[in-house]
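Chemist: Contents of coords-v8.cif (mmCIF, C-alpha atoms) are given next:
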```cif
data_entry
loop_
_atom_site.label_atom_id
_atom_site.label_comp_id
_atom_site.auth_asym_id
_atom_site.auth_seq_id
_atom_site.Cartn_x
_atom_site.Cartn_y
_atom_site.Cartn_z
CA MET A 1 179.75 -85.21 219.00
CA SER A 2 183.41 -86.03 219.52
CA ARG A 3 184.71 -82.47 219.75
CA ARG A 4 184.08 -80.84 223.13
CA TYR A 5 185.29 -77.48 224.37
CA ASP A 6 185.35 -76.53 228.03
CA VAL A 7 184.64 -72.78 228.33
CA ALA A 8 184.45 -70.57 231.41
CA VAL A 9 181.70 -67.95 231.39
CA ILE A 10 181.89 -64.70 233.33
CA ALA A 11 178.84 -62.62 232.44
CA GLY A 12 180.08 -59.90 234.80
CA ASP A 13 178.26 -56.62 235.18
CA GLY A 14 175.45 -54.59 233.62
CA ILE A 15 174.41 -55.67 230.14
CA GLY A 16 176.91 -58.51 230.30
CA GLN A 17 174.21 -60.38 232.20
CA GLU A 18 171.93 -59.98 229.16
CA VAL A 19 174.18 -60.30 226.11
CA VAL A 20 176.17 -63.30 227.33
CA PRO A 21 173.13 -65.61 227.56
CA ALA A 22 171.96 -64.28 224.19
CA ALA A 23 175.31 -65.09 222.58
CA ILE A 24 175.47 -68.54 224.20
CA THR A 25 172.07 -69.35 222.73
CA CYS A 26 173.42 -68.60 219.25
CA LEU A 27 176.70 -70.42 219.90
CA ASP A 28 174.87 -73.56 221.02
CA VAL A 29 172.77 -73.61 217.86
CA VAL A 30 175.79 -73.29 215.58
CA ALA A 31 177.62 -75.94 217.63
CA GLU A 32 174.77 -78.39 217.12
CA ARG A 33 174.85 -77.71 213.38
CA HIS A 34 178.61 -78.30 213.11
CA GLY A 35 178.90 -81.38 215.28
CA TYR A 36 180.71 -80.23 218.42
CA THR A 37 179.73 -79.35 221.98
CA VAL A 38 180.63 -76.42 224.22
CA ASP A 39 180.54 -77.20 227.93
CA TRP A 40 179.81 -73.87 229.62
CA HIS A 41 180.95 -73.30 233.22
CA ALA A 42 179.49 -70.15 234.77
CA TYR A 43 181.39 -68.10 237.34
CA PRO A 44 179.29 -65.45 239.16
CA TRP A 45 182.12 -62.97 239.48
CA GLY A 46 182.08 -59.21 239.08
CA SER A 47 180.72 -56.23 240.98
CA THR A 48 178.04 -58.20 242.83
CA HIS A 49 180.75 -60.56 244.05
CA PHE A 50 182.79 -57.51 245.08
CA ARG A 51 179.93 -56.14 247.19
CA GLN A 52 179.56 -59.50 248.92
CA HIS A 53 183.21 -60.45 249.36
CA GLY A 54 185.31 -57.32 248.84
CA ARG A 55 186.95 -58.63 245.69
CA MET A 56 185.90 -59.15 242.06
CA MET A 57 186.75 -62.85 242.05
CA PRO A 58 187.92 -65.37 244.66
CA ALA A 59 191.58 -65.50 245.66
CA ASP A 60 191.93 -68.74 243.71
CA GLY A 61 189.98 -67.44 240.71
CA ILE A 62 192.92 -67.68 238.31
CA ASP A 63 193.48 -71.30 239.31
CA GLN A 64 189.80 -72.08 238.74
CA LEU A 65 190.01 -70.68 235.19
CA ARG A 66 193.31 -72.28 234.28
CA SER A 67 191.93 -75.63 233.11
CA HIS A 68 189.42 -74.18 230.62
CA ARG A 69 190.05 -73.97 226.87
CA ALA A 70 188.69 -70.40 226.72
CA ILE A 71 187.00 -67.71 228.79
CA PHE A 72 183.84 -65.96 227.58
CA LEU A 73 183.51 -62.59 229.31
CA GLY A 74 180.59 -60.17 229.23
CA ALA A 75 181.40 -56.80 230.75
CA VAL A 76 183.14 -55.37 233.79
CA GLY A 77 182.31 -52.08 235.48
CA ASP A 78 179.99 -50.48 237.99
CA PRO A 79 179.52 -46.73 238.51
CA GLU A 80 179.55 -47.19 242.28
CA ILE A 81 182.87 -49.08 242.37
CA PRO A 82 186.16 -47.48 241.24
CA ASP A 83 187.53 -48.78 237.95
CA ALA A 84 190.79 -49.56 239.73
CA GLU A 85 188.85 -52.22 241.67
CA THR A 86 186.70 -53.63 238.86
CA LEU A 87 189.29 -53.78 236.07
CA TRP A 88 192.37 -54.57 238.15
CA GLY A 89 190.39 -57.06 240.21
CA LEU A 90 189.21 -59.23 237.32
CA LEU A 91 189.92 -58.37 233.69
CA ILE A 92 193.55 -57.29 233.86
CA PRO A 93 194.75 -60.08 236.19
CA ILE A 94 193.25 -62.65 233.79
CA ARG A 95 195.02 -61.05 230.83
CA ARG A 96 198.36 -61.00 232.63
CA HIS A 97 198.34 -64.32 234.47
CA PHE A 98 197.45 -66.09 231.24
CA ASP A 99 199.87 -64.02 229.16
CA GLN A 100 197.14 -62.89 226.76
CA TYR A 101 199.55 -60.54 225.11
CA VAL A 102 197.55 -59.93 221.93
CA ASN A 103 194.33 -57.99 222.10
CA LEU A 104 192.74 -58.54 218.69
CA ARG A 105 190.00 -56.15 217.61
CA PRO A 106 188.57 -56.52 214.10
CA VAL A 107 186.60 -53.61 212.67
CA ARG A 108 184.41 -54.07 209.59
CA SER A 109 181.64 -52.32 207.75
CA LEU A 110 178.44 -54.28 208.31
CA VAL A 111 175.53 -54.29 205.89
CA SER A 112 172.69 -51.95 206.92
CA VAL A 113 174.85 -50.36 209.63
CA PRO A 114 175.67 -46.84 208.49
CA THR A 115 179.24 -45.76 209.10
CA ARG A 116 179.83 -42.57 211.04
CA VAL A 117 182.28 -41.33 208.42
CA VAL A 118 181.20 -39.74 205.15
CA ASN A 119 182.35 -41.80 202.14
CA ALA A 120 184.13 -44.23 204.47
CA GLY A 121 184.33 -46.98 201.88
CA ASP A 122 184.55 -50.65 202.79
CA ILE A 123 186.19 -50.78 206.22
CA ASP A 124 188.02 -54.01 206.98
CA LEU A 125 190.85 -53.59 209.45
CA VAL A 126 192.23 -55.29 212.53
CA ILE A 127 193.87 -53.60 215.49
CA VAL A 128 196.54 -55.71 217.20
CA ARG A 129 197.03 -54.19 220.63
CA GLU A 130 199.87 -55.14 222.97
CA ASN A 131 197.90 -56.32 225.98
CA VAL A 132 200.07 -56.98 229.05
CA GLU A 133 202.67 -54.22 229.38
CA GLY A 134 203.23 -50.75 227.92
CA GLU A 135 201.46 -47.83 229.54
CA TYR A 136 199.26 -50.05 231.74
CA SER A 137 201.97 -51.05 234.17
CA THR A 138 201.83 -51.25 237.94
CA VAL A 139 205.21 -49.55 238.31
CA GLY A 140 204.85 -46.19 240.03
CA GLY A 141 203.05 -44.67 242.94
CA ARG A 142 202.04 -41.56 244.84
CA ILE A 143 203.82 -39.61 247.50
CA TYR A 144 202.66 -37.00 250.01
CA PRO A 145 198.92 -37.72 249.63
CA GLY A 146 196.75 -34.79 250.62
CA ASP A 147 199.76 -32.48 250.73
CA ALA A 148 200.59 -29.60 248.41
CA ARG A 149 203.64 -31.64 247.38
CA GLU A 150 201.48 -34.62 246.35
CA ALA A 151 202.73 -36.28 243.18
CA ALA A 152 202.01 -39.38 241.11
CA VAL A 153 204.41 -41.32 238.90
CA GLN A 154 203.41 -43.97 236.37
CA GLN A 155 206.07 -45.89 234.46
CA THR A 156 205.58 -47.18 230.92
CA ILE A 157 207.28 -50.54 230.40
CA PHE A 158 208.21 -51.84 226.95
CA THR A 159 210.27 -55.02 226.76
CA ARG A 160 211.98 -56.26 223.62
CA ILE A 161 210.24 -59.63 223.82
CA GLY A 162 206.89 -57.94 224.40
CA VAL A 163 207.16 -55.66 221.38
CA GLU A 164 208.69 -58.35 219.16
CA ARG A 165 205.96 -60.90 219.72
CA VAL A 166 203.04 -58.53 219.17
CA ALA A 167 204.71 -57.08 216.07
CA ARG A 168 205.33 -60.56 214.69
CA PHE A 169 201.70 -61.53 215.30
CA ALA A 170 200.56 -58.38 213.46
CA GLY A 171 202.94 -59.05 210.56
CA GLU A 172 201.90 -62.67 210.13
CA LEU A 173 198.25 -61.63 210.26
CA ALA A 174 198.82 -58.93 207.62
CA ALA A 175 200.62 -61.47 205.39
CA ARG A 176 197.36 -63.46 205.29
CA ARG A 177 195.37 -60.32 204.51
CA ARG A 178 196.48 -57.34 202.39
CA GLY A 179 200.08 -57.14 203.55
CA LEU A 180 200.07 -53.72 205.24
CA VAL A 181 200.97 -53.07 208.88
CA THR A 182 200.58 -49.57 210.30
CA SER A 183 202.48 -49.02 213.53
CA ALA A 184 201.11 -46.41 215.94
CA THR A 185 203.86 -44.33 217.52
CA LYS A 186 204.57 -40.99 219.15
CA SER A 187 208.33 -40.97 218.86
CA ASN A 188 208.45 -37.25 218.11
CA GLY A 189 207.32 -36.48 221.65
CA ILE A 190 208.01 -39.56 223.80
CA ILE A 191 211.74 -39.86 223.45
CA HIS A 192 212.63 -43.20 225.04
CA THR A 193 209.86 -45.79 224.87
CA MET A 194 208.37 -44.92 221.49
CA PRO A 195 211.67 -44.84 219.54
CA PHE A 196 212.37 -48.22 221.13
CA TRP A 197 208.94 -49.42 219.96
CA ASP A 198 209.68 -48.16 216.42
CA GLU A 199 213.07 -49.85 216.36
CA VAL A 200 211.84 -53.25 217.53
CA VAL A 201 208.71 -53.24 215.34
CA GLY A 202 210.84 -52.34 212.30
CA GLN A 203 213.42 -55.04 213.00
CA THR A 204 210.74 -57.68 213.57
CA LEU A 205 208.65 -56.95 210.49
CA ARG A 206 211.68 -57.01 208.21
CA GLU A 207 211.71 -60.75 208.96
CA VAL A 208 208.11 -61.25 207.79
CA PRO A 209 208.00 -61.66 203.99
CA GLY A 210 205.39 -59.88 201.91
CA VAL A 211 204.55 -57.23 204.49
CA ARG A 212 204.94 -53.46 204.18
CA LEU A 213 205.32 -51.32 207.30
CA ASP A 214 203.99 -47.78 207.64
CA LYS A 215 204.82 -45.80 210.77
CA GLU A 216 202.23 -43.19 211.78
CA LEU A 217 202.22 -40.75 214.67
CA VAL A 218 199.19 -41.69 216.72
CA ASP A 219 197.49 -38.30 216.45
CA ALA A 220 197.80 -38.27 212.66
CA LEU A 221 196.72 -41.92 212.59
CA ALA A 222 193.58 -41.07 214.58
CA ALA A 223 192.74 -38.32 212.11
CA LYS A 224 193.25 -40.68 209.18
CA LEU A 225 191.01 -43.30 210.82
CA VAL A 226 188.24 -40.71 210.67
CA ARG A 227 189.14 -39.42 207.21
CA ASP A 228 189.93 -42.70 205.43
CA PRO A 229 189.38 -45.80 207.60
CA ALA A 230 189.19 -48.13 204.59
CA SER A 231 192.87 -47.50 203.81
CA PHE A 232 194.04 -49.52 206.83
CA ASP A 233 194.70 -53.24 206.99
CA VAL A 234 196.43 -54.19 210.28
CA ILE A 235 197.30 -51.61 212.94
CA VAL A 236 199.76 -52.61 215.64
CA ALA A 237 199.80 -50.44 218.74
CA SER A 238 200.82 -50.26 222.37
CA ASN A 239 198.37 -50.99 225.16
CA LEU A 240 197.12 -47.41 225.53
CA PHE A 241 197.20 -46.42 221.87
CA GLY A 242 195.49 -49.65 220.80
CA ASP A 243 192.79 -49.21 223.41
CA ILE A 244 191.91 -45.71 222.17
CA LEU A 245 192.26 -46.40 218.44
CA SER A 246 190.05 -49.49 218.55
CA ASP A 247 187.17 -47.54 220.12
CA LEU A 248 187.62 -44.80 217.53
CA ALA A 249 187.69 -47.28 214.65
CA GLY A 250 184.68 -49.20 215.97
CA ALA A 251 182.66 -46.01 216.30
CA ALA A 252 183.67 -44.94 212.78
CA ALA A 253 182.39 -48.25 211.44
CA GLY A 254 179.00 -47.75 213.10
CA SER A 255 179.05 -48.46 216.82
CA ILE A 256 181.37 -49.87 219.47
CA GLY A 257 178.31 -51.88 220.54
CA ILE A 258 178.98 -54.28 217.66
CA ALA A 259 182.75 -54.56 218.10
CA PRO A 260 184.34 -57.82 219.35
CA SER A 261 187.62 -58.42 221.10
CA ALA A 262 189.92 -61.40 221.69
CA ASN A 263 192.59 -61.55 224.38
CA LEU A 264 194.92 -64.16 222.94
CA ASN A 265 197.70 -66.32 224.21
CA PRO A 266 198.73 -67.37 220.68
CA GLU A 267 200.85 -70.28 221.90
CA ARG A 268 197.78 -71.71 223.70
CA ALA A 269 199.80 -72.37 226.84
CA PHE A 270 196.93 -70.69 228.73
CA PRO A 271 193.26 -70.05 227.99
CA SER A 272 192.42 -67.05 225.84
CA MET A 273 189.52 -64.72 226.67
CA PHE A 274 186.82 -63.31 224.38
CA GLU A 275 184.68 -60.25 225.11
CA PRO A 276 182.86 -57.38 223.39
CA VAL A 277 184.52 -53.98 223.27
CA HIS A 278 181.52 -52.25 224.83
CA GLY A 279 181.33 -51.79 228.58
CA SER A 280 178.68 -52.69 231.12
CA ALA A 281 176.39 -49.82 229.99
CA PRO A 282 174.65 -49.29 233.35
CA ASP A 283 172.32 -46.72 231.77
CA ILE A 284 170.48 -49.45 229.85
CA ALA A 285 171.24 -52.50 231.99
CA GLY A 286 168.19 -54.55 232.90
CA GLN A 287 166.02 -53.08 230.14
CA GLY A 288 166.54 -55.91 227.65
CA VAL A 289 167.52 -53.55 224.84
CA ALA A 290 171.30 -54.13 224.64
CA ASN A 291 172.81 -55.01 221.28
CA PRO A 292 174.19 -58.60 221.49
CA ILE A 293 176.25 -58.41 218.28
CA GLY A 294 179.54 -57.55 220.01
CA GLN A 295 179.16 -60.57 222.29
CA ILE A 296 178.04 -62.87 219.45
CA TRP A 297 180.95 -61.73 217.30
CA ALA A 298 183.34 -62.27 220.22
CA GLY A 299 181.94 -65.80 220.33
CA ALA A 300 182.79 -66.21 216.65
CA LEU A 301 186.37 -65.14 217.41
CA MET A 302 186.43 -67.80 220.11
CA LEU A 303 185.28 -70.43 217.61
CA GLU A 304 188.06 -69.39 215.24
CA HIS A 305 190.57 -69.79 218.06
CA LEU A 306 189.17 -73.24 218.90
CA GLY A 307 189.52 -74.33 215.28
CA GLU A 308 185.82 -74.20 214.35
CA SER A 309 186.31 -71.79 211.45
CA ALA A 310 183.26 -72.81 209.42
CA ALA A 311 180.99 -72.40 212.43
CA ALA A 312 182.51 -68.98 213.15
CA ALA A 313 181.92 -67.80 209.59
CA GLU A 314 178.35 -69.07 209.65
CA LEU A 315 177.61 -67.25 212.91
CA ILE A 316 178.94 -63.95 211.54
CA ALA A 317 176.97 -64.42 208.32
CA ALA A 318 173.84 -65.07 210.40
CA PHE A 319 173.89 -61.79 212.31
CA GLU A 320 174.84 -59.93 209.12
CA ALA A 321 171.83 -61.48 207.37
CA CYS A 322 169.57 -60.31 210.19
CA LEU A 323 170.93 -56.79 209.87
CA ALA A 324 170.37 -56.90 206.11
CA ALA A 325 166.78 -57.98 206.72
CA GLY A 326 166.22 -54.88 208.85
CA VAL A 327 166.41 -56.49 212.30
CA ARG A 328 168.36 -53.97 214.34
CA THR A 329 168.53 -52.89 217.95
CA ARG A 330 167.82 -49.30 218.84
CA ASP A 331 171.48 -48.24 218.99
CA LEU A 332 171.58 -49.02 215.26
CA GLY A 333 168.34 -47.19 214.53
CA GLY A 334 166.05 -50.20 214.85
CA THR A 335 163.37 -51.35 217.25
CA ALA A 336 164.41 -54.92 218.12
CA ASP A 337 165.30 -55.74 221.70
CA THR A 338 168.02 -58.16 222.78
CA ARG A 339 165.78 -61.21 222.68
CA GLU A 340 164.21 -60.33 219.33
CA PHE A 341 167.58 -59.94 217.66
CA THR A 342 168.84 -63.17 219.22
CA ASP A 343 165.71 -65.02 218.10
CA ALA A 344 166.25 -63.72 214.55
CA VAL A 345 169.83 -65.03 214.48
CA VAL A 346 168.70 -68.42 215.81
CA ALA A 347 165.88 -68.61 213.26
CA HIS A 348 168.31 -67.81 210.45
CA LEU A 349 170.73 -70.50 211.60
CA ARG A 350 168.01 -73.13 211.94
CA ALA A 351 166.74 -72.36 208.43
CA LEU A 352 170.13 -73.05 206.82
CA PRO A 353 170.83 -76.37 205.13
CA ALA A 354 173.00 -78.77 207.11
CA PRO A 355 176.74 -78.18 206.62
CA LEU A 356 178.24 -80.56 204.08
CA ILE A 357 181.36 -81.04 206.20
CA ALA A 358 181.59 -80.27 209.90
CA SER A 359 184.43 -78.06 211.11
CA ALA A 360 187.55 -79.84 212.29
#
```
Output the file's structure as structure tokens, nothing else.

Modeler:
Amino acid sequence: MSRRYDVAVIAGDGIGQEVVPAAITCLDVVAERHGYTVDWHAYPWGSTHFRQHGRMMPADGIDQLRSHRAIFLGAVGDPEIPDAETLWGLLIPIRRHFDQYVNLRPVRSLVSVPTRVVNAGDIDLVIVRENVEGEYSTVGGRIYPGDAREAAVQQTIFTRIGVERVARFAGELAARRRGLVTSATKSNGIIHTMPFWDEVVGQTLREVPGVRLDKELVDALAAKLVRDPASFDVIVASNLFGDILSDLAGAAAGSIGIAPSANLNPERAFPSMFEPVHGSAPDIAGQGVANPIGQIWAGALMLEHLGESAAAAELIAAFEACLAAGVRTRDLGGTADTREFTDAVVAHLRALPAPLIASA
């Protein structure tokens, strides 16, 4: 096996501790079939680390991750620790230090998974979310805490380079798909940042041949995602809008428990990170019933990024075949637990004929 990929693993919190090992089991099987090796390096960071050390990862955590080809993340979040500690202590610093400026969230109808929308049609869309600036900035603060005059200010930051590069990524992706980019905006109410967003997205996509741009106010876009999700191809959105719309679209397609996510540095100057959209789900953590599809699918996105496209497609086809055969976890109306679904995917992969040509 001449192709080796060095991948950092952060299982994190809650069901991350269950679905990450499940996904790795499937990823190792497909790697063996396609003639490459993934060298997994586990980092025990997250809320347990916070309780022991007062921080979600070590002070040199970013430096420890820097040499890896990719990062495979489970989930972050604990009901007893403020989100400002869990997210800003691990997930968001990784995204920003490694300039993972594209958050890619594909949403598709899956066989045997009923959509939550009547007559939804065949959903196949991708949300391209700006991932390192926008509404999730650190610029701002609070004054007069505990006083009647107490106030909080949060600044939204859009840079031309930040909007241009995410718009260009969305346009080039759409050009390889159906050629439609829908830009989420709110320029009728937010009078500085969103008109700037509209202007830069429009200028950028005019340079991408074969792509049509639709501009939609985010509230109307959300309604249309419920009414007619199959009409969308690629949606490009700011950090906040993309975050909300991707959960809505995933739920419309069946469940956010099956939705994957990629935090990409497209230039590959830094490692990219792959994770499911679902959270740590503390209400079911430790019960062995979590749906591993979101984590497995995130692993397939990682394989695509690493250049193992055939292996990625085979892995997605494997979990879809299991769904078609009626193997479903309880969130999808089935009875399988995490291990049973994982075992079904592995059995399907092992039953396939050997690939004619290994991925390159």

Chemist: Interatomic distance between CA of Glu275 in chain A and CA of Val118 in chain A?

Modeler: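 One can read the CA of Glu275 in chain A to CA of Val118 in chain A distance as 28.8 Å.
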
Chemist: Near Cys322 in chain A, within 9 Å and counting only C-alpha atoms, which residues show up once chain neighbours fewer than 3 positions away are dropped, as a count of residues only?

Modeler: 11

Chemist: Tell me, as a list in words, which residues lie within 12 Å of Pro195 in chain A, counting only C-alpha atoms; anything in the same chain fewer than 2 positions away does not count.

Modeler: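 Listing them by chain and then by number gives Phe158, Val163, Ser183, Ala184, Thr185, Lys186, Ser187, Asn188, Gly189, Ile190, Ile191, His192, Thr193, Trp197, Asp198, Glu199, Val200, Val201, Gly202, Lys215 and Leu217 of chain A.
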
Chemist: Take the residues from that selection and put them in a file with C-alpha atoms, as a compact mmCIF listing (two decimals), in the frame of the given file.

Modeler:
```txt
# COMPACT_ATOMS: atom_id res chain seq x y z
CA PHE A 158 208.21 -51.84 226.95
CA VAL A 163 207.16 -55.66 221.38
CA SER A 183 202.48 -49.02 213.53
CA ALA A 184 201.11 -46.41 215.94
CA THR A 185 203.86 -44.33 217.52
CA LYS A 186 204.57 -40.99 219.15
CA SER A 187 208.33 -40.97 218.86
CA ASN A 188 208.45 -37.25 218.11
CA GLY A 189 207.32 -36.48 221.65
CA ILE A 190 208.01 -39.56 223.80
CA ILE A 191 211.74 -39.86 223.45
CA HIS A 192 212.63 -43.20 225.04
CA THR A 193 209.86 -45.79 224.87
CA TRP A 197 208.94 -49.42 219.96
CA ASP A 198 209.68 -48.16 216.42
CA GLU A 199 213.07 -49.85 216.36
CA VAL A 200 211.84 -53.25 217.53
CA VAL A 201 208.71 -53.24 215.34
CA GLY A 202 210.84 -52.34 212.30
CA LYS A 215 204.82 -45.80 210.77
CA LEU A 217 202.22 -40.75 214.67
```

Chemist: Residues near Pro79 in chain A, anyone? I mean within 10 Å using all atoms listed in the file, not counting same-chain ones fewer than 6 positions away, as number ranges by chain.

Modeler: A: 47, 86, 280-283

Chemist: Export C-alpha atoms of the chosen residues as a compact mmCIF listing (two decimals), in the frame of the given file?

Modeler:
```
# COMPACT_ATOMS: atom_id res chain seq x y z
CA SER A 47 180.72 -56.23 240.98
CA THR A 86 186.70 -53.63 238.86
CA SER A 280 178.68 -52.69 231.12
CA ALA A 281 176.39 -49.82 229.99
CA PRO A 282 174.65 -49.29 233.35
CA ASP A 283 172.32 -46.72 231.77
```

Chemist: Measuring between all atoms listed in the file, which one of A:Val126, A:Val208, A:Leu248, A:Ile15 shows the shortest distance to Gly171 in chain A?

Modeler: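 Looking only at the distances to Gly171 in chain A, the closest residue turns out to be A:Val208.
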